Structures are given as C-alpha cells and as structure tokens.
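Student: Next comes protein-v8.cif, mmCIF, C-alpha atoms and all ligand atoms:
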data_target
#
loop_
_atom_site.label_atom_id
_atom_site.label_comp_id
_atom_site.auth_asym_id
_atom_site.auth_seq_id
_atom_site.Cartn_x
_atom_site.Cartn_y
_atom_site.Cartn_z
CA MET P 22 -18.33 12.40 -16.84
CA ARG P 23 -14.70 11.73 -16.12
CA LYS P 24 -13.56 9.44 -18.90
CA THR P 25 -11.32 10.81 -21.64
CA SER P 26 -10.31 9.13 -24.87
CA ASN P 27 -6.69 8.19 -25.50
CA LEU P 28 -6.55 10.82 -28.20
CA ALA P 29 -7.86 13.52 -25.92
CA SER P 30 -5.45 12.57 -23.17
CA ALA P 31 -2.49 12.53 -25.56
CA ALA P 32 -3.45 16.06 -26.55
CA LEU P 33 -3.64 17.02 -22.89
CA LEU P 34 -0.26 15.55 -22.13
CA ALA P 35 1.18 17.42 -25.07
CA THR P 36 -0.45 20.63 -23.81
CA ALA P 37 1.11 20.05 -20.43
CA GLY P 38 4.50 19.66 -22.08
CA LEU P 39 4.61 15.99 -21.25
CA LEU P 40 5.22 14.65 -24.72
CA THR P 41 7.58 17.36 -25.78
CA GLY P 42 10.66 16.74 -23.71
CA CYS P 43 9.79 18.86 -20.70
CA VAL P 44 11.23 16.98 -17.72
CA THR P 45 10.35 19.22 -14.81
CA GLY P 46 6.93 19.17 -13.22
CA LYS P 47 5.05 22.43 -13.59
CA ALA P 48 1.64 21.97 -12.00
CA SER P 49 3.04 21.70 -8.49
CA GLU P 50 3.08 25.40 -7.84
CA SER P 51 -0.65 25.74 -8.36
CA THR P 52 -2.23 22.37 -7.68
CA THR P 53 -1.74 19.64 -5.15
CA LEU P 54 -2.58 15.97 -5.45
CA LYS P 55 -5.03 16.01 -2.56
CA ASP P 56 -6.86 19.04 -3.97
CA ALA P 57 -6.96 17.68 -7.50
CA TYR P 58 -8.58 14.47 -6.24
CA GLN P 59 -10.75 15.91 -3.48
CA ASN P 60 -13.94 14.80 -5.23
CA ASP P 61 -12.59 11.36 -6.05
CA PHE P 62 -10.61 9.72 -3.26
CA LEU P 63 -7.99 10.36 -0.60
CA ILE P 64 -4.37 10.55 -1.73
CA GLY P 65 -2.06 8.74 0.65
CA VAL P 66 1.64 8.17 1.09
CA ALA P 67 3.75 5.71 3.07
CA ILE P 68 6.11 7.53 5.42
CA ASN P 69 9.17 6.54 7.42
CA GLU P 70 10.27 7.44 10.93
CA LYS P 71 12.40 10.39 9.88
CA GLN P 72 9.40 11.82 8.10
CA PHE P 73 6.82 11.37 10.88
CA THR P 74 9.22 12.95 13.36
CA ASP P 75 9.55 16.02 11.10
CA GLY P 76 13.20 15.20 10.40
CA ASP P 77 13.09 15.04 6.60
CA GLN P 78 13.52 18.57 5.29
CA ARG P 79 12.99 17.47 1.72
CA GLY P 80 10.11 15.03 2.27
CA ASP P 81 8.03 16.62 5.02
CA PRO P 82 6.91 19.71 3.10
CA ILE P 83 5.81 17.44 0.25
CA ILE P 84 3.91 15.14 2.60
CA LYS P 85 2.08 18.02 4.24
CA ALA P 86 1.28 19.86 1.01
CA GLN P 87 0.28 16.96 -1.22
CA PHE P 88 -1.28 14.15 0.83
CA ASN P 89 -4.28 13.76 3.14
CA CYS P 90 -3.68 10.17 4.26
CA ILE P 91 -0.63 8.34 5.60
CA SER P 92 0.52 4.73 5.93
CA PRO P 93 3.46 3.69 8.10
CA GLU P 94 6.22 2.13 6.04
CA ASN P 95 7.41 0.04 8.99
CA ALA P 96 6.40 1.51 12.36
CA LEU P 97 3.31 -0.66 12.87
CA LYS P 98 4.67 -3.93 11.54
CA TRP P 99 4.90 -6.63 14.22
CA ALA P 100 8.71 -6.57 14.33
CA SER P 101 8.69 -2.82 14.99
CA ILE P 102 5.87 -2.42 17.46
CA HIS P 103 6.07 -5.80 19.21
CA PRO P 104 9.67 -7.00 18.93
CA ASP P 105 9.78 -9.13 22.08
CA PRO P 106 7.51 -11.51 23.99
CA GLY P 107 6.00 -10.75 27.36
CA PRO P 108 4.17 -7.77 28.82
CA ASN P 109 7.11 -5.42 28.15
CA GLY P 110 7.62 -6.63 24.60
CA TYR P 111 5.87 -3.73 22.91
CA ASN P 112 7.61 -0.66 21.49
CA PHE P 113 4.93 1.97 21.01
CA GLY P 114 7.16 5.05 20.71
CA PRO P 115 7.48 5.37 16.93
CA ALA P 116 3.88 4.27 16.30
CA ASP P 117 2.63 6.89 18.76
CA GLN P 118 4.66 9.54 16.94
CA TYR P 119 3.30 8.34 13.59
CA VAL P 120 -0.29 8.69 14.78
CA GLU P 121 0.41 12.10 16.35
CA PHE P 122 1.94 13.29 13.07
CA GLY P 123 -1.21 12.28 11.20
CA GLU P 124 -3.50 14.00 13.70
CA LYS P 125 -1.43 17.17 13.79
CA ASN P 126 -1.63 17.40 10.01
CA HIS P 127 -5.34 16.43 9.81
CA MET P 128 -4.71 13.27 7.82
CA THR P 129 -6.55 9.96 7.66
CA ILE P 130 -4.31 7.44 9.41
CA VAL P 131 -3.81 3.88 8.16
CA GLY P 132 -2.49 0.98 10.25
CA HIS P 133 -0.24 -1.45 8.37
CA THR P 134 -0.15 -4.35 9.14
CA LEU P 135 -1.41 -6.79 11.79
CA VAL P 136 -0.90 -10.33 10.46
CA TRP P 137 1.80 -11.01 7.86
CA HIS P 138 4.49 -13.63 7.22
CA ASN P 139 7.27 -11.04 6.81
CA GLN P 140 8.73 -8.65 9.39
CA THR P 141 7.30 -10.81 12.19
CA PRO P 142 9.79 -12.03 14.81
CA ARG P 143 10.52 -15.76 15.04
CA TRP P 144 9.50 -15.86 18.71
CA VAL P 145 5.88 -15.34 17.71
CA PHE P 146 5.73 -18.85 16.30
CA ARG P 147 8.07 -20.67 18.77
CA ASP P 148 8.00 -21.80 22.38
CA SER P 149 10.91 -21.35 24.79
CA ASN P 150 12.52 -24.56 23.43
CA GLY P 151 12.38 -23.28 19.87
CA LYS P 152 9.54 -25.67 18.94
CA PRO P 153 6.45 -24.47 17.04
CA VAL P 154 3.70 -23.33 19.39
CA THR P 155 0.22 -24.86 19.35
CA ARG P 156 -2.77 -23.39 17.52
CA GLU P 157 -4.17 -22.21 20.87
CA VAL P 158 -0.98 -20.41 21.87
CA LEU P 159 -0.59 -18.70 18.51
CA LEU P 160 -4.24 -17.62 18.49
CA GLU P 161 -3.76 -16.14 21.95
CA ARG P 162 -0.62 -14.27 20.80
CA MET P 163 -2.44 -12.97 17.76
CA ARG P 164 -5.43 -11.88 19.87
CA ASP P 165 -3.20 -10.12 22.40
CA HIS P 166 -1.27 -8.33 19.63
CA ILE P 167 -4.36 -7.19 17.73
CA HIS P 168 -6.31 -6.14 20.82
CA THR P 169 -3.32 -4.26 22.22
CA VAL P 170 -2.30 -2.46 19.03
CA VAL P 171 -5.72 -1.77 17.51
CA GLY P 172 -7.10 -0.96 20.98
CA ARG P 173 -4.36 1.56 21.68
CA TYR P 174 -5.22 3.59 18.58
CA GLN P 175 -8.97 2.98 18.60
CA GLY P 176 -10.82 5.78 16.83
CA ARG P 177 -7.53 7.35 15.68
CA ILE P 178 -6.33 4.79 13.12
CA LYS P 179 -9.35 4.53 10.83
CA ILE P 180 -8.19 1.84 8.39
CA TRP P 181 -6.33 -1.36 9.23
CA ASP P 182 -4.56 -3.88 7.01
CA VAL P 183 -5.64 -6.87 9.07
CA VAL P 184 -4.14 -9.63 6.94
CA ASN P 185 -1.37 -8.98 4.42
CA GLU P 186 -0.46 -11.27 1.51
CA ALA P 187 -2.20 -14.51 2.53
CA LEU P 188 -2.38 -15.85 -1.03
CA ASN P 189 -0.05 -17.63 -3.43
CA GLU P 190 0.15 -16.61 -7.08
CA ASP P 191 -2.24 -19.45 -8.00
CA GLY P 192 -4.85 -18.19 -5.56
CA THR P 193 -4.35 -20.88 -2.94
CA LEU P 194 -3.55 -20.01 0.66
CA ARG P 195 0.12 -19.28 1.32
CA PRO P 196 1.59 -21.86 3.74
CA SER P 197 2.79 -19.16 6.16
CA PRO P 198 3.52 -19.99 9.80
CA TRP P 199 0.08 -18.52 10.58
CA GLU P 200 -1.62 -20.92 8.20
CA LYS P 201 0.48 -23.92 9.16
CA ILE P 202 0.06 -23.55 12.91
CA ILE P 203 -3.47 -22.16 13.23
CA GLY P 204 -5.03 -23.41 10.00
CA PRO P 205 -6.86 -21.47 7.30
CA ASP P 206 -9.24 -19.84 9.76
CA TYR P 207 -6.41 -17.63 11.08
CA ILE P 208 -7.78 -15.05 8.64
CA GLU P 209 -11.27 -15.12 10.12
CA LYS P 210 -9.83 -14.88 13.64
CA ALA P 211 -7.64 -11.90 12.76
CA PHE P 212 -10.60 -9.94 11.39
CA GLN P 213 -12.76 -10.88 14.40
CA TYR P 214 -10.12 -9.73 16.87
CA ALA P 215 -9.61 -6.44 14.99
CA HIS P 216 -13.35 -5.80 14.92
CA GLU P 217 -13.59 -6.48 18.65
CA ALA P 218 -10.80 -3.98 19.31
CA ASP P 219 -12.29 -1.20 17.15
CA PRO P 220 -15.80 -1.87 15.80
CA ASN P 221 -15.70 1.32 13.71
CA ALA P 222 -12.41 0.72 11.89
CA ILE P 223 -12.37 -0.14 8.19
CA LEU P 224 -10.76 -3.58 7.95
CA ARG P 225 -8.78 -4.41 4.83
CA TYR P 226 -7.40 -7.51 3.19
CA ASN P 227 -4.22 -6.35 1.37
CA ASP P 228 -2.22 -8.18 -1.30
CA PHE P 229 -0.12 -7.75 -4.44
CA SER P 230 -0.67 -9.02 -8.00
CA LEU P 231 -4.43 -9.27 -7.57
CA GLU P 232 -4.64 -8.14 -11.20
CA LYS P 233 -3.49 -11.64 -12.18
CA THR P 234 -6.55 -13.80 -12.77
CA PRO P 235 -5.72 -16.88 -10.64
CA LYS P 236 -4.72 -14.81 -7.63
CA ARG P 237 -7.67 -12.47 -8.06
CA ASN P 238 -10.04 -15.44 -8.20
CA GLY P 239 -8.49 -16.82 -5.04
CA ALA P 240 -8.98 -13.47 -3.31
CA ILE P 241 -12.59 -13.24 -4.50
CA ALA P 242 -13.30 -16.76 -3.19
CA LEU P 243 -11.65 -15.86 0.12
CA ILE P 244 -13.66 -12.64 0.51
CA LYS P 245 -16.91 -14.38 -0.39
CA LYS P 246 -16.20 -17.06 2.21
CA LEU P 247 -15.48 -14.42 4.86
CA GLN P 248 -18.62 -12.49 3.94
CA ALA P 249 -20.76 -15.67 4.09
CA GLU P 250 -19.42 -16.25 7.60
CA GLY P 251 -20.27 -12.70 8.65
CA ILE P 252 -16.60 -11.70 9.04
CA PRO P 253 -16.23 -7.90 8.99
CA VAL P 254 -13.92 -7.42 6.00
CA THR P 255 -14.90 -4.07 4.48
CA ALA P 256 -12.12 -3.15 2.07
CA ILE P 257 -9.64 -4.67 -0.35
CA GLY P 258 -6.12 -3.31 -0.70
CA LEU P 259 -4.62 -3.56 -4.17
CA GLN P 260 -0.92 -2.98 -3.54
CA ASP P 261 -0.15 -1.99 -7.14
CA HIS P 262 3.60 -2.41 -7.10
CA ASP P 263 3.44 -1.95 -10.84
CA GLN P 264 5.69 -2.22 -13.87
CA MET P 265 5.72 0.01 -16.95
CA ASP P 266 3.71 -2.62 -18.84
CA TRP P 267 1.95 -4.49 -16.05
CA PRO P 268 -0.86 -4.56 -15.11
CA THR P 269 -2.58 -3.43 -18.26
CA VAL P 270 -5.31 -0.82 -17.85
CA GLU P 271 -7.80 -3.56 -18.75
CA GLN P 272 -6.49 -5.79 -15.96
CA GLU P 273 -6.62 -2.91 -13.46
CA ASP P 274 -10.11 -1.96 -14.57
CA ALA P 275 -11.42 -5.53 -14.32
CA THR P 276 -9.80 -6.05 -10.93
CA ILE P 277 -11.36 -2.93 -9.40
CA SER P 278 -14.77 -3.89 -10.85
CA ALA P 279 -14.53 -7.44 -9.51
CA PHE P 280 -13.86 -6.36 -5.92
CA ALA P 281 -16.33 -3.48 -6.01
CA ALA P 282 -18.99 -6.00 -7.07
CA LEU P 283 -18.43 -7.76 -3.74
CA GLY P 284 -19.51 -4.59 -1.94
CA LEU P 285 -15.99 -3.75 -0.77
CA LYS P 286 -14.35 -0.37 -0.77
CA VAL P 287 -11.36 -0.63 -3.08
CA MET P 288 -8.10 1.02 -2.05
CA VAL P 289 -4.83 1.23 -3.96
CA THR P 290 -2.43 0.81 -1.08
CA GLU P 291 1.22 0.71 -2.20
CA LEU P 292 1.42 2.33 -5.63
CA ASP P 293 4.77 2.63 -7.42
CA VAL P 294 6.00 1.92 -10.95
CA ASN P 295 9.25 0.00 -11.30
CA VAL P 296 11.01 1.51 -14.32
CA LEU P 297 13.88 -0.99 -14.23
CA GLY P 298 11.84 -4.05 -15.16
CA GLY P 299 12.74 -7.54 -14.03
CA LYS P 300 10.49 -10.13 -12.44
CA GLN P 301 7.03 -8.87 -11.59
CA THR P 302 6.61 -9.42 -7.86
CA ALA P 303 6.17 -7.55 -4.62
CA GLU P 304 7.53 -10.42 -2.56
CA ILE P 305 10.47 -8.82 -0.79
CA THR P 306 12.55 -12.00 -0.71
CA GLU P 307 12.13 -12.43 -4.47
CA MET P 308 12.75 -8.76 -5.21
CA ALA P 309 16.32 -9.15 -4.05
CA ASN P 310 17.01 -11.47 -6.99
CA GLN P 311 14.56 -10.10 -9.46
CA GLY P 312 16.89 -9.21 -12.31
CA GLY P 313 16.20 -6.26 -14.58
CA SER P 314 18.96 -3.80 -15.43
CA ASN P 315 20.23 -0.96 -13.30
CA ILE P 316 20.40 1.29 -16.35
CA TYR P 317 19.27 4.67 -14.99
CA THR P 318 21.91 5.36 -12.36
CA ASN P 319 22.48 8.85 -13.80
CA GLY P 320 18.81 9.78 -13.91
CA LEU P 321 15.80 8.90 -15.99
CA PRO P 322 16.17 9.90 -19.67
CA PRO P 323 13.50 12.38 -20.84
CA VAL P 324 11.84 9.86 -23.09
CA VAL P 325 11.40 7.44 -20.21
CA GLN P 326 10.15 10.29 -17.99
CA GLN P 327 7.39 10.81 -20.56
CA GLN P 328 6.62 7.09 -20.69
CA LEU P 329 6.36 7.03 -16.90
CA ALA P 330 4.06 10.08 -17.02
CA GLU P 331 1.83 8.36 -19.56
CA ARG P 332 1.84 5.19 -17.47
CA TYR P 333 0.70 7.09 -14.38
CA ALA P 334 -1.92 8.98 -16.40
CA ASP P 335 -3.31 5.67 -17.70
CA LEU P 336 -3.51 4.23 -14.19
CA PHE P 337 -5.15 7.30 -12.70
CA ARG P 338 -7.71 7.48 -15.47
CA VAL P 339 -8.78 3.97 -14.44
CA PHE P 340 -8.90 4.99 -10.78
CA VAL P 341 -10.96 8.10 -11.61
CA LYS P 342 -13.36 6.01 -13.67
CA HIS P 343 -13.99 3.99 -10.50
CA HIS P 344 -14.05 6.95 -8.12
CA ASN P 345 -17.35 5.79 -6.62
CA ASP P 346 -15.73 2.54 -5.47
CA ILE P 347 -12.17 3.70 -4.77
CA SER P 348 -11.76 5.64 -1.56
CA LEU P 349 -7.97 5.91 -1.33
CA VAL P 350 -4.88 5.78 -3.55
CA THR P 351 -1.61 5.55 -1.59
CA PHE P 352 1.91 5.91 -3.00
CA TRP P 353 4.58 3.70 -1.43
CA GLY P 354 7.07 6.44 -0.64
CA VAL P 355 7.45 10.20 -1.05
CA THR P 356 10.42 10.70 -3.39
CA ASP P 357 12.33 8.30 -5.64
CA GLY P 358 15.15 8.26 -3.12
CA ASP P 359 12.81 6.90 -0.42
CA SER P 360 11.61 3.90 -2.40
CA TRP P 361 12.13 0.27 -1.40
CA LEU P 362 12.72 -0.35 -5.14
CA ASN P 363 16.26 1.02 -4.72
CA MET P 364 17.24 -2.10 -2.80
CA ARG P 365 20.60 -3.74 -3.57
CA GLY P 366 22.13 -0.67 -5.17
CA ARG P 367 19.44 -0.22 -7.78
CA VAL P 368 18.68 3.37 -8.72
CA ASN P 369 14.96 3.33 -9.40
CA HIS P 370 12.59 6.15 -10.30
CA PRO P 371 9.14 4.85 -9.36
CA LEU P 372 7.32 7.82 -7.78
CA LEU P 373 6.07 11.33 -8.62
CA PHE P 374 8.92 13.27 -6.96
CA ASP P 375 12.57 12.93 -7.88
CA ARG P 376 15.50 12.56 -5.49
CA ALA P 377 15.70 16.31 -4.99
CA GLY P 378 12.01 16.46 -4.11
CA ASN P 379 11.00 18.07 -7.41
CA PRO P 380 7.77 17.00 -9.10
CA LYS P 381 8.37 14.89 -12.20
CA PRO P 382 6.33 14.94 -15.41
CA ALA P 383 4.44 12.01 -13.89
CA PHE P 384 3.19 14.40 -11.20
CA ASP P 385 1.68 16.71 -13.82
CA ALA P 386 0.17 13.76 -15.63
CA VAL P 387 -1.54 12.59 -12.42
CA ILE P 388 -2.87 16.09 -11.75
CA GLN P 389 -4.17 16.29 -15.32
CA ALA P 390 -5.91 12.92 -15.03
CA ALA P 391 -8.02 14.31 -12.18
CA GLN P 392 -9.64 17.07 -14.18
CA PRO P 393 -13.23 16.41 -15.25
CA ALA P 394 -13.43 16.00 -19.02
CA ASN P 395 -15.58 19.12 -19.49
CA SER P 396 -13.00 21.33 -17.81
CA LYS P 397 -10.10 20.14 -20.00
C1 LIG U 401 4.84 -5.30 0.83
C2 LIG U 401 4.36 -4.79 2.19
C3 LIG U 401 4.82 -3.41 2.48
C4 LIG U 401 6.21 -3.15 2.00
C5 LIG U 401 6.31 -3.48 0.55
C6 LIG U 401 7.62 -3.13 -0.09
O1 LIG U 401 4.05 -5.01 -0.19
O2 LIG U 401 2.97 -4.86 2.34
O3 LIG U 401 4.74 -3.18 3.85
O4 LIG U 401 7.11 -3.89 2.76
O5 LIG U 401 6.09 -4.86 0.44
O6 LIG U 401 8.62 -2.86 0.79
#
Take the structure from the file and write it as structure tokens.
Ligand code: GLA
Tutor:
Amino acid sequence: MRKTSNLASAALLATAGLLTGCVTGKASESTTLKDAYQNDFLIGVAINEKQFTDGDQRGDPIIKAQFNCISPENALKWASIHPDPGPNGYNFGPADQYVEFGEKNHMTIVGHTLVWHNQTPRWVFRDSNGKPVTREVLLERMRDHIHTVVGRYQGRIKIWDVVNEALNEDGTLRPSPWEKIIGPDYIEKAFQYAHEADPNAILRYNDFSLEKTPKRNGAIALIKKLQAEGIPVTAIGLQDHDQMDWPTVEQEDATISAFAALGLKVMVTELDVNVLGGKQTAEITEMANQGGSNIYTNGLPPVVQQQLAERYADLFRVFVKHHNDISLVTFWGVTDGDSWLNMRGRVNHPLLFDRAGNPKPAFDAVIQAAQPANSK
C-alpha cells in the first residue's frame, strides 16, 4: 500500500523540515533516488557531453550516485549524430562515448530521438537543388538513419524514442516535413525500421502536454491505430515539462491510467518544473517567447522552495501509485544550472539539485514520497 493522504504527507513534509523553512536537502547523505525507488521504477537523467565524458566535476558524482538510467540531451538527435548527407555524414563519436558512459556505470541507456521535426538538418528533406525530396527518397533516408543508428547500438541502447512530438495540441497530426512529404504513415514506418534494427528494444512514442485531453485523445487514437496494424510500439513517453500548477495530480493520474490501459509501459521522460511560469509548452520555438517573469535571479525564496518540494511530492505520489505501469522517471537535467529552462537569460530552478549541486528540499520530498506508507 503506497498511497498516503494529503494530511499524512503534509505531516511528513513537516517532519522532514520541508514546511518549516529548511532550504537545504538533508536526505542526500543517507538515501539516493535510485535506491529509494528501486522497487518502483528506474530513475533517469538527461546528460550532456561534458557529463558523459566525465568532465563535469559537479554533475558527474550526482549522476553516478543518484541515477540508474540516462538519456542523451543532444548526442543522439539527428543533427548531432548525422549532420551531413552521404556515407561519411555520421558523427558517432559523442554517441559512442555516451553509451560507454552508461555501460561503465551500469545504467539503462535510452536513445533519444530518431524522428523529430526539430534538431534535424534541412538537407534531410531537400534534394541537391533545394527542392523537397519525394516520399520514396525520404523513406529511404529515414530507413538508413534508423538502421544505422539503432543497429550500431543494438542490445546496448534498450529504449528508443522512435517518434518525438508528432501531435498538435488538438490531437491532430503535426504537419512536420515528415508528415508532409511521406504522409501520416511515416510513424508506422519509423517504428517498423526501428524494430527491424533491434527487435528487442523498447520502442517509445514521446510527446509533451499529453495531460491535456484533446492531445491525449489524439495520442490514444494514434496508439490504437498502430496497435491494430501490428506496429511494435511498446511504451509511451510523457515528457512532463511541468509548471507549478499544471498538470494537476488528477490530470497526471488520468493520463497514466489511460495509456496503461492500452497495455503500454508508461515512462516519464523529461521531468522538470518551471517555477517562472509563462505559457505552458515544451515547444522549443515557443519557449523562447513564452513570457513569465525572471523573478528569481538571486535564488529561489524559501517559501517557493517549499512549494516546489510539495509539487514534486505530489507528482511522485502519483507515479508511485502507478508503479506497476511506470517503469522509468527521467529528469531533464542534473542541476538547475544545466536546465534548458534557463534559455534567454532566465534563471530557473526546475530540478532537484541547485546550481552548486546541493540537493534542494524538493530532493527530500521526492525521497519521502518513495517510502511505503507503513514505514512512514
Ligand atoms: C523536447 C525534446 C528534448 C529537449 C526538450 C527541451 O521536449 O524532446 O529533446 O529538447 O524539448 O530542451
């Protein structure tokens, strides 16, 4: 029995010093995230090149101590691993180092991401005259990319984001270059090619804002269609680029239930909590103009630290409730200073470790949320 009432959890937070103005994490010395959740799900983190080459003195000890799964922030995106056309167009160096880092540290290794509309070079969609390629040419490029990349790390990268962010907010298919040139079945083809390249890999559809009903319904319809066609989609990635007040715990709970009911493994793939507010989106191009106020440039005030801790505790209690269906929860970054949410001069505080690498009250709250009710 892992559920706790709000009252009980408020008492626990108070016990842990989380509602009383304590702003430094305390549990870190004795408990790690991966140990606290060892009976529930893997705890992952997105890492950058400096980190997977052991060059981040602040971040690397945290990664090795706290996490048992890694995602590559950029190293496996098309623009990084396959920047140019032709047989010599691949750049495997960083991706090889990423995979070696995971193996050396006995971590589950995630591949992110094969087919996406962002961070994909323009040449992929154009011929030598700059004109859009045909469906056949683009399918062949996609097949070559997926077979080459997935094939290279077969049996080593266990989980792949095959298609990233294919849906609009209203649940319809995004008119990406993939969709416009190949047609809607580009999704089926991507999953087929990935399955051919590594029949044992877990293949994920990954997207943001799936907690919003229209988009979630679009994703459910898409997954059902793929399943009816026998396409090997085996997991859903809920990005969870969250706000302090969105999604609600009810929305998160309902979303996990809806995808689990389809027989999918549910994974939280890019968790962070934007404390600065503004437009709710994970679309990078929109994030640049998202608004919100840059009000915490000198650090997060204690009262907001506690609110963030409570927010994380609420989210993790939902994840723990669904521990039979959730197999992985991944944070999108190690410390606050590493986060993409600092873009354009914003000073954000979205993760469990502060800019000095110290655990925040949110860290303690997440550790506390893992404890079975009868041991609290
Ligand atoms: C999306 C992508 C990630 C990352 C984040 C934020 O959600 O899937 O790879 O780029 O945006 O940077």
Student: Quote the spacing between CA of Ile84 in chain P and CA of Ser360 in chain P in Å to one decimal place.
Tutor: 14.5 Å
Student: I'd like to know which of P:Val270, P:Leu297, P:Met265, P:Leu292 is closest to ligand LIG 401 (chain U), using only C-alpha atoms and all ligand atoms.
Tutor: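 For ligand LIG 401 (chain U), the nearest of the given residues is P:Leu292.
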Student: Find the residues around Ile244 in chain P up to 10 Å (only C-alpha atoms counted), leave out those fewer than 6 positions away in its own chain, and share them as a PyMOL selection string.
Tutor: chain P and resi 226+238+250+252+254-257+280+283+285
Student: Nearest to Leu231 in chain P: which of P:Trp361, P:Tyr214, P:Trp137, P:Trp267 is it, counting all atoms listed in the file?
Tutor: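 So, comparing all the options, the nearest one is P:Trp267.
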Student: Which residue out of P:Arg164, P:Lys125, P:His262, P:His103 has the minimum interatomic distance to ligand LIG 401 (chain U) when all atoms listed in the file are used?
Tutor: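 Closest candidate: P:His262.
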Student: Please identify the residues whose atoms come within 10 Å of ligand LIG 401 (chain U), using only C-alpha atoms and all ligand atoms, and report them as a count of residues only.
Tutor: 42
Student: Report as number ranges by chain all protein, DNA and RNA residues lying within 6 Å of range 196-212 of chain P, evaluated on only C-alpha atoms, omitting residues in the same chain fewer than 2 positions from it.
Tutor: P: 138, 156, 214-215
Student: Can you tell me, as an MDAnalysis selection string, what residues are no more than 12 Å from Ala222 in chain P when counting all atoms listed in the file, ignoring any on the same chain fewer than 5 positions away?
Tutor: chainID P and resid 129:132 171:172 174:183 212:217 253:256
Student: Using Å and a single decimal, report how far CA of Asp56 in chain P sits from CA of Ala330 in chain P.
Tutor: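 So the answer is 19.2 Å.
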Student: One decimal, in Å: what's the spacing between CA of Tyr333 in chain P and CA of Val294 in chain P?
Tutor: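 One can read the CA of Tyr333 in chain P to CA of Val294 in chain P distance as 8.2 Å.
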Student: For Val145 in chain P, which of P:Asp191, P:Glu273, P:Asp385, P:Asp105 is the closest residue, counting only C-alpha atoms?
Tutor: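 So, comparing all the options, the nearest one is P:Asp105.
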Student: When you count all atoms listed in the file, which of these residues is closest to Gly65 in chain P: P:Leu321, P:Ala386, P:Val296, P:Leu349?
Tutor: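 Smallest distance to Gly65 in chain P is found for P:Leu349.
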Student: Give me the residues near Ala391 in chain P as number ranges by chain, where near means some atom within 9 Å (using all atoms listed in the file) and where sequence neighbours in that chain fewer than 5 positions away do not count.
Tutor: P: 23, 54, 57-58, 61, 337-338, 341, 386
Student: Go through P:Gly80, P:Ile388, P:Arg237, P:Ala187 one by one, measure the shortest atom-to-atom distance of each to Val136 in chain P using all atoms listed in the file, and give the residue with the smallest value.
Tutor: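 Of the candidates, the smallest distance to Val136 in chain P is held by P:Ala187.
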Student: So which residues touch Glu70 in chain P within 8 Å, counting all atoms listed in the file, skipping near sequence neighbours fewer than 4 positions away, as a list of chain:residue names?
Tutor: P:Thr74, P:Ala96, P:Pro115, P:Tyr119
Student: Could you give me, as a tab-separated table, every range 118-167 of chain P residue with an atom at most 10 Å from range 107-113 of chain P, plus its closest atom pair and distance in Å to one decimal, counting all atoms listed in the file, rows ordered by chain then number?
Tutor:
residue	atom	partner	partner_atom	distance
P:Gln118	CA	P:Phe113	CA	8.6
P:Tyr119	CA	P:Phe113	CA	9.9
P:Arg162	CA	P:Gly107	CA	10.0
P:His166	CA	P:Tyr111	CA	9.1
